[in-house]
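In what follows, a structure is listed as structure tokens, so that the remarks can point back to it.
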Amino acid sequence: MLSALTAAAVVPGSAQAAEPAPAERWIVQLKDTVTDPGKVAEEQTQGQASDGGSRLRHVFDATVDGAALKGYALEATADQIEAIRADPQVASVEPDQLVSLPEPVAGSSVQAPRQRTDKPDGGGVAYKGDPLLAGQWGLFRIGAVAGSDHGFRVPAAARVGVAVLDTGVDAGHPDLRVAGNANFSTSAGADDFHGHGTHVAGIVQALNNGIGGEGTAPGSRLWNVKVLGDSGSGLFSDLIAGLNWVAQNAKAKNIRVANLSLGTSVDSPLVHQAVRLATQAGVAVVASAGNAGTTALNYPAAYPEAISVAATTVFDQRAPFSNYGASWVDIAAPGTDILSTLPTRGTALGEDHGLLSGTSMAAPFVTGSAALCLTSGHCQGNARDILRTLGRDARSIAGTGSDYRYGLVQVGCYWQTAPKCSPRSAEHDAA
Ligand SMILES: [Ca+2]
Ligand SMILES: [Ca+2]
């Protein structure tokens, strides 16, 4: 994982050595007593651009229920940052490092018929399923597809908002519907030129529309919050800006779940604070445990407020690449050979639809599960309550209690059409 933290290590042929000593990137946290972080950021970075190396990247100004994250991100030389650090309005300064999607385990595009002849019935429930559904083993394994006399059924549309913080989403994909975009990455637009974000989004949301495949929570309101650039990495400050956007928009847009299929081995107090604020705003932050195959902590998944997700195979065993450890990994979900959407224009990861493996694919199954659980009313309250319900209904598999605190996520109880299937939902049924 460490090799993913420096751009030079992941960009072959990087021209960095030939360039003049670059300004370094920093995140400045301002004291909570600062009333106008944007003004202070401008004052503290004023004039620096002209002398060869300072640029303001993001301003953070989020307050949720009295807790705040105030500050900004900039590029500055060592001398400049020392002057800023000495300012009494500054609470802390930390390096702005790279956060990446876990090393992806690439698969291939899937060619398949894209149209089916039957239509969803009036309740929005399909009786044959979309054409690729039969290949989506993960949906079957977590109970997001049920058999019937007529074929398959999938849950009715989820009604909550879900934010995907990733490499962007292909908003033009016929199997996705993006409610809105926010771009905090270095990329020019919110579109997905990498492929990872579109794949993750499809696992959450792909529509029950007669084409392609299905998502875990088909039709949930999807917010594309782009925090990773087109190469698949971004800065801590981009992630913080994205999380702040989620926290600030959670109420107005009814965003209840945020998916973070990304990570780093570096523990950042400011990223942690951003996760805390989003959680406090009523958003369940779901994060991939990482693909190093070890018990080493991976952030933001390892922050206690996050719902940390490991990947399992078709045999319901921990995928060899998945990080693990019940002290910080909460729950498991399918993560090998997962069939989902890819940008229609084509990317290095494939085109249209394709298979990918990784904890990046496992996390959005849990994100979609949380969306279904909230829609059905089985999940209520904050992230901790949501995890408790998901954990209660999870299925015990090998590794439960040692590799992950809970077992394999299960959504069979969260179908609106089957509200009483949970053996322990008596309190909900009585309500
Ligand atoms: Ca579909
Ligand atoms: Ca946790």
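Each chain in the structure tokens gets a letter, A, B, ..., in the order shown, and its residues are numbered from 1; ligands are numbered from 1 in order too.
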6 Å contact set for stretch 298-313 of chain A, only C-alpha atoms, chain neighbours under 6 positions out, as a PyMOL selection string: chain A and resi 263-265+285-289+319+322+328-336+359+362-363
Within 6 Å of stretch 26-32 of chain A, counting only C-alpha atoms, which residues show up once you throw out same-chain ones fewer than 4 positions away? Write them as a list in words, please. Lys70, Gly71, Tyr72, Ala73, Leu74, Gln89, Val90, Ala91, Ser92, Val93, Glu94, Pro95 and Asp96 of chain A
Could the residues in this selection be saved with N, CA and C atoms as a tab-separated table (two decimals), in the first residue's frame?
```tsv
chain	number	residue	atom	x	y	z
A	70	LYS	N	-12.70	23.21	9.85
A	70	LYS	CA	-12.38	24.47	9.18
A	70	LYS	C	-10.92	24.44	8.75
A	71	GLY	N	-10.69	24.84	7.53
A	71	GLY	CA	-9.30	24.85	7.08
A	71	GLY	C	-9.21	24.99	5.59
A	72	TYR	N	-8.05	24.66	5.07
A	72	TYR	CA	-7.87	24.74	3.63
A	72	TYR	C	-6.69	23.88	3.21
A	73	ALA	N	-6.59	23.63	1.91
A	73	ALA	CA	-5.48	22.87	1.35
A	73	ALA	C	-4.73	23.77	0.39
A	74	LEU	N	-3.41	23.64	0.38
A	74	LEU	CA	-2.62	24.51	-0.49
A	74	LEU	C	-1.33	23.81	-0.90
A	89	GLN	N	-4.10	31.53	14.37
A	89	GLN	CA	-5.41	31.00	13.94
A	89	GLN	C	-5.32	29.55	13.49
A	90	VAL	N	-4.09	29.03	13.34
A	90	VAL	CA	-3.88	27.69	12.80
A	90	VAL	C	-3.84	26.66	13.93
A	91	ALA	N	-4.65	25.61	13.79
A	91	ALA	CA	-4.68	24.55	14.80
A	91	ALA	C	-3.65	23.47	14.49
A	92	SER	N	-3.53	23.09	13.22
A	92	SER	CA	-2.57	22.05	12.86
A	92	SER	C	-2.28	22.12	11.37
A	93	VAL	N	-1.16	21.51	10.99
A	93	VAL	CA	-0.78	21.41	9.58
A	93	VAL	C	-0.37	19.98	9.33
A	94	GLU	N	-0.90	19.37	8.28
A	94	GLU	CA	-0.44	18.03	7.95
A	94	GLU	C	-0.20	17.93	6.45
A	95	PRO	N	0.71	17.04	6.03
A	95	PRO	CA	0.96	16.89	4.59
A	95	PRO	C	-0.28	16.37	3.88
A	96	ASP	N	-0.51	16.88	2.69
A	96	ASP	CA	-1.65	16.44	1.88
A	96	ASP	C	-1.15	15.31	0.98
```
Chain A near ligand 1 within 10 Å: what's each residue's closest atom pair and its distance in Å to one decimal, counting only C-alpha atoms and all ligand atoms, ordered by chain then ascending residue number, as JSON lines?
```
{"residue": "A:Arg114", "atom": "CA", "partner": "ligand 1", "partner_atom_place_in_ligand_line": "1 (Ca)", "distance": 8.7}
{"residue": "A:Gln115", "atom": "CA", "partner": "ligand 1", "partner_atom_place_in_ligand_line": "1 (Ca)", "distance": 9.3}
{"residue": "A:Arg116", "atom": "CA", "partner": "ligand 1", "partner_atom_place_in_ligand_line": "1 (Ca)", "distance": 9.9}
{"residue": "A:Gly129", "atom": "CA", "partner": "ligand 1", "partner_atom_place_in_ligand_line": "1 (Ca)", "distance": 8.3}
{"residue": "A:Asp130", "atom": "CA", "partner": "ligand 1", "partner_atom_place_in_ligand_line": "1 (Ca)", "distance": 5.4}
{"residue": "A:Pro131", "atom": "CA", "partner": "ligand 1", "partner_atom_place_in_ligand_line": "1 (Ca)", "distance": 7.8}
{"residue": "A:Leu132", "atom": "CA", "partner": "ligand 1", "partner_atom_place_in_ligand_line": "1 (Ca)", "distance": 8.0}
{"residue": "A:Leu133", "atom": "CA", "partner": "ligand 1", "partner_atom_place_in_ligand_line": "1 (Ca)", "distance": 8.3}
{"residue": "A:Pro174", "atom": "CA", "partner": "ligand 1", "partner_atom_place_in_ligand_line": "1 (Ca)", "distance": 8.0}
{"residue": "A:Asp175", "atom": "CA", "partner": "ligand 1", "partner_atom_place_in_ligand_line": "1 (Ca)", "distance": 5.0}
{"residue": "A:Leu176", "atom": "CA", "partner": "ligand 1", "partner_atom_place_in_ligand_line": "1 (Ca)", "distance": 7.8}
{"residue": "A:Gly202", "atom": "CA", "partner": "ligand 1", "partner_atom_place_in_ligand_line": "1 (Ca)", "distance": 9.0}
{"residue": "A:Gln205", "atom": "CA", "partner": "ligand 1", "partner_atom_place_in_ligand_line": "1 (Ca)", "distance": 9.1}
{"residue": "A:Ala206", "atom": "CA", "partner": "ligand 1", "partner_atom_place_in_ligand_line": "1 (Ca)", "distance": 5.5}
{"residue": "A:Leu207", "atom": "CA", "partner": "ligand 1", "partner_atom_place_in_ligand_line": "1 (Ca)", "distance": 4.3}
{"residue": "A:Asn208", "atom": "CA", "partner": "ligand 1", "partner_atom_place_in_ligand_line": "1 (Ca)", "distance": 4.6}
{"residue": "A:Asn209", "atom": "CA", "partner": "ligand 1", "partner_atom_place_in_ligand_line": "1 (Ca)", "distance": 4.7}
{"residue": "A:Gly210", "atom": "CA", "partner": "ligand 1", "partner_atom_place_in_ligand_line": "1 (Ca)", "distance": 5.5}
{"residue": "A:Ile211", "atom": "CA", "partner": "ligand 1", "partner_atom_place_in_ligand_line": "1 (Ca)", "distance": 4.4}
{"residue": "A:Gly212", "atom": "CA", "partner": "ligand 1", "partner_atom_place_in_ligand_line": "1 (Ca)", "distance": 4.4}
{"residue": "A:Gly213", "atom": "CA", "partner": "ligand 1", "partner_atom_place_in_ligand_line": "1 (Ca)", "distance": 4.2}
{"residue": "A:Glu214", "atom": "CA", "partner": "ligand 1", "partner_atom_place_in_ligand_line": "1 (Ca)", "distance": 4.8}
{"residue": "A:Gly215", "atom": "CA", "partner": "ligand 1", "partner_atom_place_in_ligand_line": "1 (Ca)", "distance": 7.7}
{"residue": "A:Pro218", "atom": "CA", "partner": "ligand 1", "partner_atom_place_in_ligand_line": "1 (Ca)", "distance": 8.2}
{"residue": "A:Gly219", "atom": "CA", "partner": "ligand 1", "partner_atom_place_in_ligand_line": "1 (Ca)", "distance": 9.6}
{"residue": "A:Ser340", "atom": "CA", "partner": "ligand 1", "partner_atom_place_in_ligand_line": "1 (Ca)", "distance": 9.7}
{"residue": "A:Thr341", "atom": "CA", "partner": "ligand 1", "partner_atom_place_in_ligand_line": "1 (Ca)", "distance": 9.3}
```
Could the residues in this selection be saved with C-alpha atoms as a compact mmCIF listing (two decimals), in the first residue's frame?
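What follows is the written file out-v7.txt:
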```txt
# COMPACT_ATOMS: atom_id res chain seq x y z
CA ARG A 114 -28.70 -5.74 -23.72
CA GLN A 115 -32.43 -5.90 -24.29
CA ARG A 116 -34.98 -8.21 -22.84
CA GLY A 129 -34.55 -9.93 -14.48
CA ASP A 130 -32.28 -7.87 -16.66
CA PRO A 131 -30.23 -9.83 -19.19
CA LEU A 132 -26.99 -9.90 -17.20
CA LEU A 133 -28.63 -10.72 -13.87
CA PRO A 174 -28.08 3.59 -19.91
CA ASP A 175 -28.08 1.38 -16.80
CA LEU A 176 -27.41 4.24 -14.35
CA GLY A 202 -23.56 0.03 -10.79
CA GLN A 205 -27.69 1.38 -8.22
CA ALA A 206 -27.92 -0.24 -11.69
CA LEU A 207 -31.51 0.13 -12.78
CA ASN A 208 -34.18 -2.51 -13.07
CA ASN A 209 -34.89 -1.37 -16.62
CA GLY A 210 -34.69 -4.33 -18.94
CA ILE A 211 -31.11 -3.75 -20.05
CA GLY A 212 -27.70 -4.70 -18.62
CA GLY A 213 -27.70 -5.89 -15.03
CA GLU A 214 -29.10 -4.82 -11.68
CA GLY A 215 -27.74 -3.06 -8.62
CA PRO A 218 -31.82 -0.49 -8.00
CA GLY A 219 -32.81 3.07 -8.62
CA SER A 340 -21.26 -4.32 -13.11
CA THR A 341 -21.35 -1.25 -15.32
```
Identify which of the residues A:Asn254, A:Thr295, A:Ser231, A:Gln248 lies closest to A:Asp403, counting only C-alpha atoms when measuring atom-to-atom distances.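 So, comparing all the options, the nearest one is A:Thr295.
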Would you compute the distance between atom CA of A:Ala78 and atom CA of A:Leu56? Give it in Å to one decimal.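 Between these atoms lies a distance of 15.2 Å.
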If we count only C-alpha atoms and set the cut-off at 12 Å, which residues sit around A:Thr198, ignoring sequence neighbours fewer than 4 positions away in its own chain? Please answer as a PyMOL selection string. chain A and resi 164-178+190-194+202-206+215+222-226+261+339-347+349-354+356+360-361+364
May I have all residues of stretch 117-337 of chain A that DSSP, computed from the backbone, assigns to alpha helix (DSSP H), given as an mmCIF file with N, CA and C atoms, in the first residue's frame?
```cif
data_model
loop_
_atom_site.group_PDB
_atom_site.id
_atom_site.type_symbol
_atom_site.label_atom_id
_atom_site.label_comp_id
_atom_site.auth_asym_id
_atom_site.auth_seq_id
_atom_site.Cartn_x
_atom_site.Cartn_y
_atom_site.Cartn_z
ATOM 1 N N TRP A 137 -23.606 -13.066 -9.434
ATOM 2 C CA TRP A 137 -23.711 -14.016 -8.325
ATOM 3 C C TRP A 137 -23.806 -13.328 -6.967
ATOM 4 N N GLY A 138 -23.193 -12.188 -6.849
ATOM 5 C CA GLY A 138 -23.193 -11.497 -5.558
ATOM 6 C C GLY A 138 -24.594 -11.108 -5.113
ATOM 7 N N LEU A 139 -25.424 -10.684 -6.061
ATOM 8 C CA LEU A 139 -26.792 -10.284 -5.718
ATOM 9 C C LEU A 139 -27.593 -11.468 -5.184
ATOM 10 N N PHE A 140 -27.379 -12.627 -5.804
ATOM 11 C CA PHE A 140 -28.076 -13.835 -5.335
ATOM 12 C C PHE A 140 -27.596 -14.197 -3.933
ATOM 13 N N ARG A 141 -26.277 -14.072 -3.739
ATOM 14 C CA ARG A 141 -25.699 -14.527 -2.478
ATOM 15 C C ARG A 141 -26.129 -13.694 -1.284
ATOM 16 N N HIS A 196 -13.469 2.770 -12.580
ATOM 17 C CA HIS A 196 -13.712 2.243 -11.239
ATOM 18 C C HIS A 196 -15.006 2.775 -10.635
ATOM 19 N N GLY A 197 -15.212 4.087 -10.713
ATOM 20 C CA GLY A 197 -16.382 4.695 -10.084
ATOM 21 C C GLY A 197 -17.691 4.226 -10.712
ATOM 22 N N THR A 198 -17.674 4.039 -12.028
ATOM 23 C CA THR A 198 -18.878 3.582 -12.723
ATOM 24 C C THR A 198 -19.217 2.149 -12.333
ATOM 25 N N HIS A 199 -18.181 1.335 -12.126
ATOM 26 C CA HIS A 199 -18.388 -0.047 -11.703
ATOM 27 C C HIS A 199 -18.988 -0.088 -10.295
ATOM 28 N N VAL A 200 -18.408 0.710 -9.406
ATOM 29 C CA VAL A 200 -18.902 0.789 -8.028
ATOM 30 C C VAL A 200 -20.355 1.285 -8.013
ATOM 31 N N ALA A 201 -20.627 2.323 -8.812
ATOM 32 C CA ALA A 201 -21.974 2.898 -8.846
ATOM 33 C C ALA A 201 -23.002 1.858 -9.302
ATOM 34 N N GLY A 202 -22.639 1.043 -10.283
ATOM 35 C CA GLY A 202 -23.561 0.032 -10.786
ATOM 36 C C GLY A 202 -23.885 -1.020 -9.743
ATOM 37 N N ILE A 203 -22.912 -1.383 -8.918
ATOM 38 C CA ILE A 203 -23.172 -2.373 -7.867
ATOM 39 C C ILE A 203 -24.186 -1.818 -6.872
ATOM 40 N N VAL A 204 -24.159 -0.524 -6.649
ATOM 41 C CA VAL A 204 -25.152 0.095 -5.774
ATOM 42 C C VAL A 204 -26.490 0.230 -6.479
ATOM 43 N N GLN A 205 -26.470 0.775 -7.701
ATOM 44 C CA GLN A 205 -27.693 1.380 -8.220
ATOM 45 C C GLN A 205 -28.220 0.868 -9.544
ATOM 46 N N PHE A 236 -5.730 13.681 -0.035
ATOM 47 C CA PHE A 236 -6.543 13.698 1.180
ATOM 48 C C PHE A 236 -7.510 14.890 1.152
ATOM 49 N N SER A 237 -7.010 16.025 0.678
ATOM 50 C CA SER A 237 -7.847 17.233 0.703
ATOM 51 C C SER A 237 -9.030 17.104 -0.247
ATOM 52 N N ASP A 238 -8.863 16.374 -1.356
ATOM 53 C CA ASP A 238 -9.986 16.141 -2.267
ATOM 54 C C ASP A 238 -11.051 15.289 -1.571
ATOM 55 N N LEU A 239 -10.583 14.273 -0.844
ATOM 56 C CA LEU A 239 -11.501 13.397 -0.111
ATOM 57 C C LEU A 239 -12.220 14.169 0.993
ATOM 58 N N ILE A 240 -11.469 15.001 1.701
ATOM 59 C CA ILE A 240 -12.082 15.812 2.763
ATOM 60 C C ILE A 240 -13.139 16.741 2.167
ATOM 61 N N ALA A 241 -12.816 17.359 1.025
ATOM 62 C CA ALA A 241 -13.772 18.262 0.377
ATOM 63 C C ALA A 241 -15.030 17.494 -0.036
ATOM 64 N N GLY A 242 -14.853 16.281 -0.540
ATOM 65 C CA GLY A 242 -16.001 15.463 -0.938
ATOM 66 C C GLY A 242 -16.849 15.072 0.262
ATOM 67 N N LEU A 243 -16.193 14.663 1.342
ATOM 68 C CA LEU A 243 -16.930 14.288 2.554
ATOM 69 C C LEU A 243 -17.660 15.493 3.139
ATOM 70 N N ASN A 244 -17.025 16.659 3.075
ATOM 71 C CA ASN A 244 -17.690 17.866 3.564
ATOM 72 C C ASN A 244 -18.929 18.186 2.732
ATOM 73 N N TRP A 245 -18.793 17.988 1.420
ATOM 74 C CA TRP A 245 -19.952 18.225 0.543
ATOM 75 C C TRP A 245 -21.100 17.287 0.943
ATOM 76 N N VAL A 246 -20.767 16.036 1.201
ATOM 77 C CA VAL A 246 -21.787 15.066 1.615
ATOM 78 C C VAL A 246 -22.421 15.505 2.935
ATOM 79 N N ALA A 247 -21.597 15.898 3.899
ATOM 80 C CA ALA A 247 -22.117 16.319 5.207
ATOM 81 C C ALA A 247 -23.038 17.523 5.057
ATOM 82 N N GLN A 248 -22.634 18.462 4.217
ATOM 83 C CA GLN A 248 -23.407 19.698 4.092
ATOM 84 C C GLN A 248 -24.686 19.511 3.278
ATOM 85 N N ASN A 249 -24.720 18.495 2.416
ATOM 86 C CA ASN A 249 -25.886 18.268 1.563
ATOM 87 C C ASN A 249 -26.755 17.100 2.021
ATOM 88 N N ALA A 250 -26.353 16.435 3.097
ATOM 89 C CA ALA A 250 -27.026 15.206 3.508
ATOM 90 C C ALA A 250 -28.520 15.426 3.751
ATOM 91 N N LYS A 251 -28.841 16.459 4.484
ATOM 92 C CA LYS A 251 -30.258 16.697 4.817
ATOM 93 C C LYS A 251 -31.064 17.063 3.581
ATOM 94 N N ALA A 252 -30.599 18.055 2.831
ATOM 95 C CA ALA A 252 -31.363 18.569 1.691
ATOM 96 C C ALA A 252 -31.566 17.501 0.619
ATOM 97 N N LYS A 253 -30.565 16.652 0.418
ATOM 98 C CA LYS A 253 -30.635 15.657 -0.653
ATOM 99 C C LYS A 253 -30.958 14.257 -0.127
ATOM 100 N N PRO A 269 -5.558 12.762 10.740
ATOM 101 C CA PRO A 269 -6.546 13.305 11.674
ATOM 102 C C PRO A 269 -7.636 14.108 10.973
ATOM 103 N N LEU A 270 -7.302 14.774 9.883
ATOM 104 C CA LEU A 270 -8.307 15.599 9.209
ATOM 105 C C LEU A 270 -9.279 14.765 8.381
ATOM 106 N N VAL A 271 -8.783 13.708 7.726
ATOM 107 C CA VAL A 271 -9.707 12.803 7.031
ATOM 108 C C VAL A 271 -10.634 12.158 8.056
ATOM 109 N N HIS A 272 -10.062 11.777 9.199
ATOM 110 C CA HIS A 272 -10.877 11.179 10.263
ATOM 111 C C HIS A 272 -11.978 12.148 10.710
ATOM 112 N N GLN A 273 -11.604 13.396 10.887
ATOM 113 C CA GLN A 273 -12.602 14.401 11.299
ATOM 114 C C GLN A 273 -13.688 14.561 10.232
ATOM 115 N N ALA A 274 -13.306 14.477 8.959
ATOM 116 C CA ALA A 274 -14.284 14.592 7.866
ATOM 117 C C ALA A 274 -15.238 13.403 7.876
ATOM 118 N N VAL A 275 -14.725 12.207 8.159
ATOM 119 C CA VAL A 275 -15.587 11.018 8.270
ATOM 120 C C VAL A 275 -16.548 11.194 9.443
ATOM 121 N N ARG A 276 -16.007 11.703 10.558
ATOM 122 C CA ARG A 276 -16.839 11.946 11.749
ATOM 123 C C ARG A 276 -17.983 12.919 11.446
ATOM 124 N N LEU A 277 -17.659 13.991 10.735
ATOM 125 C CA LEU A 277 -18.677 14.999 10.431
ATOM 126 C C LEU A 277 -19.771 14.433 9.533
ATOM 127 N N ALA A 278 -19.377 13.660 8.522
ATOM 128 C CA ALA A 278 -20.371 13.054 7.627
ATOM 129 C C ALA A 278 -21.267 12.110 8.420
ATOM 130 N N THR A 279 -20.656 11.333 9.320
ATOM 131 C CA THR A 279 -21.418 10.415 10.161
ATOM 132 C C THR A 279 -22.398 11.182 11.037
ATOM 133 N N GLN A 280 -21.902 12.263 11.599
ATOM 134 C CA GLN A 280 -22.734 13.090 12.468
ATOM 135 C C GLN A 280 -23.896 13.727 11.712
#
```
A:Arg388, A:His378, A:Arg25, A:Arg57 ranked by distance to ligand 2, top pick (using only C-alpha atoms and all ligand atoms):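 Distance minimum relative to ligand 2 lands on A:Arg388.
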So that I can check the secondary structure, give me every residue of stretch 77-273 of chain A assigned strand (DSSP E) by backbone DSSP, as an NGL selection string. :A and (90-95 or 98-100 or 105-109 or 146-148 or 151-153 or 161-166 or 178-183 or 221-226 or 233-235 or 255-260)
Write out the residues from the selection above, keeping N, CA and C atoms, as a compact mmCIF listing (two decimals), in the first residue's frame.
```txt
# COMPACT_ATOMS: atom_id res chain seq x y z
N VAL A 90 -4.09 29.03 13.34
CA VAL A 90 -3.88 27.69 12.80
C VAL A 90 -3.84 26.66 13.93
N ALA A 91 -4.65 25.61 13.79
CA ALA A 91 -4.68 24.55 14.80
C ALA A 91 -3.65 23.47 14.49
N SER A 92 -3.53 23.09 13.22
CA SER A 92 -2.57 22.05 12.86
C SER A 92 -2.28 22.12 11.37
N VAL A 93 -1.16 21.51 10.99
CA VAL A 93 -0.78 21.41 9.58
C VAL A 93 -0.37 19.98 9.33
N GLU A 94 -0.90 19.37 8.28
CA GLU A 94 -0.44 18.03 7.95
C GLU A 94 -0.20 17.93 6.45
N PRO A 95 0.71 17.04 6.03
CA PRO A 95 0.96 16.89 4.59
C PRO A 95 -0.28 16.37 3.88
N LEU A 98 -1.49 11.25 -0.96
CA LEU A 98 -2.36 10.60 -1.94
C LEU A 98 -3.19 9.50 -1.31
N VAL A 99 -4.44 9.44 -1.71
CA VAL A 99 -5.31 8.33 -1.37
C VAL A 99 -5.71 7.69 -2.70
N SER A 100 -5.77 6.36 -2.73
CA SER A 100 -5.99 5.68 -4.00
C SER A 100 -7.08 4.64 -3.86
N VAL A 105 -8.18 -5.47 -9.20
CA VAL A 105 -7.96 -6.76 -9.81
C VAL A 105 -8.85 -6.80 -11.04
N ALA A 106 -8.26 -6.51 -12.18
CA ALA A 106 -9.06 -6.26 -13.38
C ALA A 106 -9.63 -7.54 -13.96
N GLY A 107 -10.74 -7.42 -14.59
CA GLY A 107 -11.39 -8.52 -15.28
C GLY A 107 -11.52 -8.19 -16.76
N SER A 108 -12.68 -8.43 -17.30
CA SER A 108 -12.84 -8.19 -18.72
C SER A 108 -14.24 -7.69 -19.01
N SER A 109 -14.41 -7.09 -20.18
CA SER A 109 -15.74 -6.66 -20.58
C SER A 109 -16.63 -7.87 -20.80
N ALA A 146 -34.49 -12.78 -5.77
CA ALA A 146 -35.23 -13.95 -5.32
C ALA A 146 -35.79 -14.68 -6.52
N GLY A 147 -35.88 -15.97 -6.42
CA GLY A 147 -36.52 -16.74 -7.49
C GLY A 147 -38.03 -16.71 -7.32
N SER A 148 -38.72 -16.87 -8.41
CA SER A 148 -40.17 -17.01 -8.33
C SER A 148 -40.57 -17.98 -9.44
N GLY A 151 -39.37 -16.56 -12.71
CA GLY A 151 -37.99 -16.19 -12.96
C GLY A 151 -37.41 -15.53 -11.72
N PHE A 152 -36.89 -14.32 -11.89
CA PHE A 152 -36.26 -13.64 -10.76
C PHE A 152 -37.06 -12.42 -10.36
N ARG A 153 -36.93 -12.06 -9.10
CA ARG A 153 -37.45 -10.78 -8.64
C ARG A 153 -36.32 -10.00 -8.00
N GLY A 161 -30.89 8.59 -0.79
CA GLY A 161 -29.76 9.07 -1.56
C GLY A 161 -28.47 8.37 -1.14
N VAL A 162 -27.65 8.07 -2.13
CA VAL A 162 -26.36 7.41 -1.90
C VAL A 162 -25.29 8.21 -2.62
N ALA A 163 -24.21 8.54 -1.92
CA ALA A 163 -23.09 9.24 -2.56
C ALA A 163 -21.97 8.25 -2.84
N VAL A 164 -21.46 8.29 -4.06
CA VAL A 164 -20.30 7.46 -4.42
C VAL A 164 -19.10 8.39 -4.59
N LEU A 165 -18.14 8.27 -3.66
CA LEU A 165 -16.94 9.11 -3.70
C LEU A 165 -15.85 8.29 -4.38
N ASP A 166 -15.59 8.60 -5.65
CA ASP A 166 -14.76 7.69 -6.44
C ASP A 166 -14.14 8.44 -7.61
N VAL A 178 -27.82 9.24 -12.67
CA VAL A 178 -27.10 10.08 -11.72
C VAL A 178 -27.97 11.28 -11.36
N ALA A 179 -28.19 11.48 -10.06
CA ALA A 179 -29.02 12.60 -9.61
C ALA A 179 -28.27 13.92 -9.67
N GLY A 180 -26.96 13.86 -9.47
CA GLY A 180 -26.17 15.09 -9.50
C GLY A 180 -24.70 14.79 -9.32
N ASN A 181 -23.87 15.75 -9.68
CA ASN A 181 -22.41 15.58 -9.64
C ASN A 181 -21.76 16.66 -8.79
N ALA A 182 -20.64 16.31 -8.18
CA ALA A 182 -19.77 17.29 -7.55
C ALA A 182 -18.35 16.80 -7.78
N ASN A 183 -17.51 17.66 -8.26
CA ASN A 183 -16.15 17.25 -8.61
C ASN A 183 -15.11 17.97 -7.74
N ARG A 221 -31.19 7.00 -5.27
CA ARG A 221 -30.73 8.28 -5.81
C ARG A 221 -29.21 8.38 -5.67
N LEU A 222 -28.55 8.47 -6.82
CA LEU A 222 -27.08 8.35 -6.85
C LEU A 222 -26.43 9.71 -7.05
N TRP A 223 -25.55 10.07 -6.11
CA TRP A 223 -24.79 11.31 -6.21
C TRP A 223 -23.34 10.98 -6.51
N ASN A 224 -22.87 11.49 -7.61
CA ASN A 224 -21.50 11.26 -8.05
C ASN A 224 -20.60 12.34 -7.45
N VAL A 225 -19.81 11.95 -6.45
CA VAL A 225 -18.90 12.90 -5.79
C VAL A 225 -17.48 12.48 -6.16
N LYS A 226 -16.92 13.15 -7.13
CA LYS A 226 -15.63 12.72 -7.68
C LYS A 226 -14.50 13.27 -6.82
N SER A 233 -6.22 8.07 -8.34
CA SER A 233 -5.79 8.54 -7.03
C SER A 233 -6.16 10.00 -6.85
N GLY A 234 -6.23 10.41 -5.61
CA GLY A 234 -6.56 11.80 -5.29
C GLY A 234 -5.85 12.18 -4.02
N LEU A 235 -6.01 13.43 -3.62
CA LEU A 235 -5.37 13.90 -2.41
C LEU A 235 -6.31 13.79 -1.23
N ILE A 255 -29.21 12.26 1.59
CA ILE A 255 -28.09 11.32 1.41
C ILE A 255 -27.87 10.61 2.74
N ARG A 256 -28.05 9.28 2.73
CA ARG A 256 -27.93 8.51 3.97
C ARG A 256 -26.74 7.58 3.99
N VAL A 257 -26.17 7.31 2.82
CA VAL A 257 -25.03 6.40 2.75
C VAL A 257 -23.99 6.98 1.80
N ALA A 258 -22.71 6.84 2.17
CA ALA A 258 -21.62 7.26 1.29
C ALA A 258 -20.68 6.09 1.10
N ASN A 259 -20.32 5.82 -0.15
CA ASN A 259 -19.43 4.69 -0.44
C ASN A 259 -18.02 5.19 -0.75
N LEU A 260 -17.04 4.65 0.00
CA LEU A 260 -15.65 5.01 -0.21
C LEU A 260 -14.85 3.75 -0.54
```
From A:Val64, A:Ala188, A:Ile84, A:Ile386, residue lying nearest ligand 2 [only C-alpha atoms and all ligand atoms]: A:Ile386
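Distance-wise, atom CA of A:Asp393 and atom CA of A:Val366 end up 12.2 Å apart.
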